[in-house]
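Here the structure is laid out as structure tokens; the discussion comes afterwards.
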Amino acid sequence: MDISKLLFNETLAELKIGKPADYRNHLEIVTEQEGDIPGIKTLTLNGFDFEITLLDDVILGIQYDFTYEQTDGLFMTVNDEKLLLNHTLVSKDLENFLVSNKINFDLHESNIEPFTIKLKNLNSAFYFDNDHQLFKISVFDRELYRKIINSK
């Protein structure tokens, strides 16, 4: 399943970050919203379980976690070049793919958080474990979260 629209346009199926999710009544509740702490629902799409983060029924983020499902069916396409996204993808391979396709990114490394590759000017991030293998893809709009919190 190609998740390029999610990574570059913040869209997955009919879901769009920043838009209401109340019309999607087949999202399964994982956790309810508690005050300013967003709720989480899941969407199963083509056999893949995506986590949807919501605050006041507005979609803040969508992520896929490879630690729960180790699959070879997700990929991203750029300039007719396809990159398989799975738990064996190492950060260097993603870096090479992004460089060869002229996609700007930042590397974030710290002692307390996982190694992360974040796409510049986008809300998309790839998280890697201690062996630099992909374990999560996340698209999350932090500015939208702050805006909703500050409007209360």
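Chain labels follow the order of the structure tokens: the first chain is A, the next B, and so on; residue numbering restarts at 1 in every chain, and ligands are counted from 1 in their shown order.
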Would you kindly return, as a PDB file with N, CA, C and O atoms, in the first residue's frame, each protein, DNA or RNA residue with an atom no farther than 6 Å from any atom of stretch 120-131 of chain A, considering only C-alpha atoms and excluding same-chain residues fewer than 5 positions away?
```
ATOM      1  N   LEU A   7       2.381  10.793   3.863  1.00  0.00           N
ATOM      2  CA  LEU A   7       3.652  11.428   4.195  1.00  0.00           C
ATOM      3  C   LEU A   7       3.797  12.838   3.630  1.00  0.00           C
ATOM      4  O   LEU A   7       4.376  13.713   4.274  1.00  0.00           O
ATOM      5  N   ASN A 104      14.257  17.259   1.111  1.00  0.00           N
ATOM      6  CA  ASN A 104      14.975  17.799   2.260  1.00  0.00           C
ATOM      7  C   ASN A 104      14.495  17.157   3.554  1.00  0.00           C
ATOM      8  O   ASN A 104      13.292  16.946   3.739  1.00  0.00           O
ATOM      9  N   PHE A 105      15.442  16.895   4.438  1.00  0.00           N
ATOM     10  CA  PHE A 105      15.114  16.258   5.708  1.00  0.00           C
ATOM     11  C   PHE A 105      16.119  16.685   6.765  1.00  0.00           C
ATOM     12  O   PHE A 105      17.197  17.199   6.455  1.00  0.00           O
ATOM     13  N   PRO A 114      14.376   8.352  20.305  1.00  0.00           N
ATOM     14  CA  PRO A 114      14.861   7.549  19.181  1.00  0.00           C
ATOM     15  C   PRO A 114      15.428   8.410  18.057  1.00  0.00           C
ATOM     16  O   PRO A 114      15.060   9.579  17.917  1.00  0.00           O
ATOM     17  N   PHE A 115      16.317   7.816  17.288  1.00  0.00           N
ATOM     18  CA  PHE A 115      16.853   8.482  16.100  1.00  0.00           C
ATOM     19  C   PHE A 115      15.685   8.745  15.154  1.00  0.00           C
ATOM     20  O   PHE A 115      14.867   7.862  14.900  1.00  0.00           O
ATOM     21  N   LYS A 136       8.571   3.163  13.465  1.00  0.00           N
ATOM     22  CA  LYS A 136       7.321   3.917  13.429  1.00  0.00           C
ATOM     23  C   LYS A 136       7.410   5.035  12.395  1.00  0.00           C
ATOM     24  O   LYS A 136       8.445   5.658  12.226  1.00  0.00           O
ATOM     25  N   ILE A 137       6.285   5.282  11.747  1.00  0.00           N
ATOM     26  CA  ILE A 137       6.102   6.434  10.854  1.00  0.00           C
ATOM     27  C   ILE A 137       4.991   7.265  11.478  1.00  0.00           C
ATOM     28  O   ILE A 137       3.949   6.728  11.846  1.00  0.00           O
ATOM     29  N   SER A 138       5.226   8.560  11.569  1.00  0.00           N
ATOM     30  CA  SER A 138       4.236   9.424  12.200  1.00  0.00           C
ATOM     31  C   SER A 138       4.093  10.727  11.420  1.00  0.00           C
ATOM     32  O   SER A 138       5.081  11.320  10.988  1.00  0.00           O
ATOM     33  N   VAL A 139       2.844  11.146  11.251  1.00  0.00           N
ATOM     34  CA  VAL A 139       2.534  12.449  10.686  1.00  0.00           C
ATOM     35  C   VAL A 139       1.666  13.128  11.734  1.00  0.00           C
ATOM     36  O   VAL A 139       0.556  12.673  12.010  1.00  0.00           O
ATOM     37  N   PHE A 140       2.214  14.178  12.370  1.00  0.00           N
ATOM     38  CA  PHE A 140       1.521  14.816  13.489  1.00  0.00           C
ATOM     39  C   PHE A 140       1.708  16.327  13.394  1.00  0.00           C
ATOM     40  O   PHE A 140       2.827  16.812  13.270  1.00  0.00           O
ATOM     41  N   ASP A 141       0.599  17.071  13.480  1.00  0.00           N
ATOM     42  CA  ASP A 141       0.628  18.526  13.368  1.00  0.00           C
ATOM     43  C   ASP A 141       0.658  19.148  14.764  1.00  0.00           C
ATOM     44  O   ASP A 141      -0.381  19.360  15.390  1.00  0.00           O
TER      45      ASP A 141
END
```
- Task: For A:Ile103, list every protein, DNA or RNA residue within 12 Å, evaluated using only C-alpha atoms, and leave out those in the same chain fewer than 2 positions away; present the list as a VMD selection string.
- Result: chain A and resid 7 to 8 78 to 79 94 to 101 105 to 106 117 to 122
- Task: For stretch 34-45 of chain A, list every protein, DNA or RNA residue within 9 Å, evaluated using only C-alpha atoms, and leave out those in the same chain fewer than 6 positions away; present the list as a count of residues only.
- Result: 15
- Task: Check stretch 42-149 of chain A with DSSP on the backbone and list each residue it calls strand (DSSP E or B), as a PyMOL selection string.
- Result: chain A and resi 42-45+48-55+58-65+74-78+81-85+90+105-108+115-119+124-128+133-140
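Non-sequential neighbours of A:Asp2 (distance at most 10 Å, separation of 3 or more positions within a chain, only C-alpha atoms) are Lys5, Leu6, Leu7, Leu12, Gly73, Leu74, Phe75, Met76, Thr77, Lys82, Leu83, Leu84 and Leu85 of chain A.
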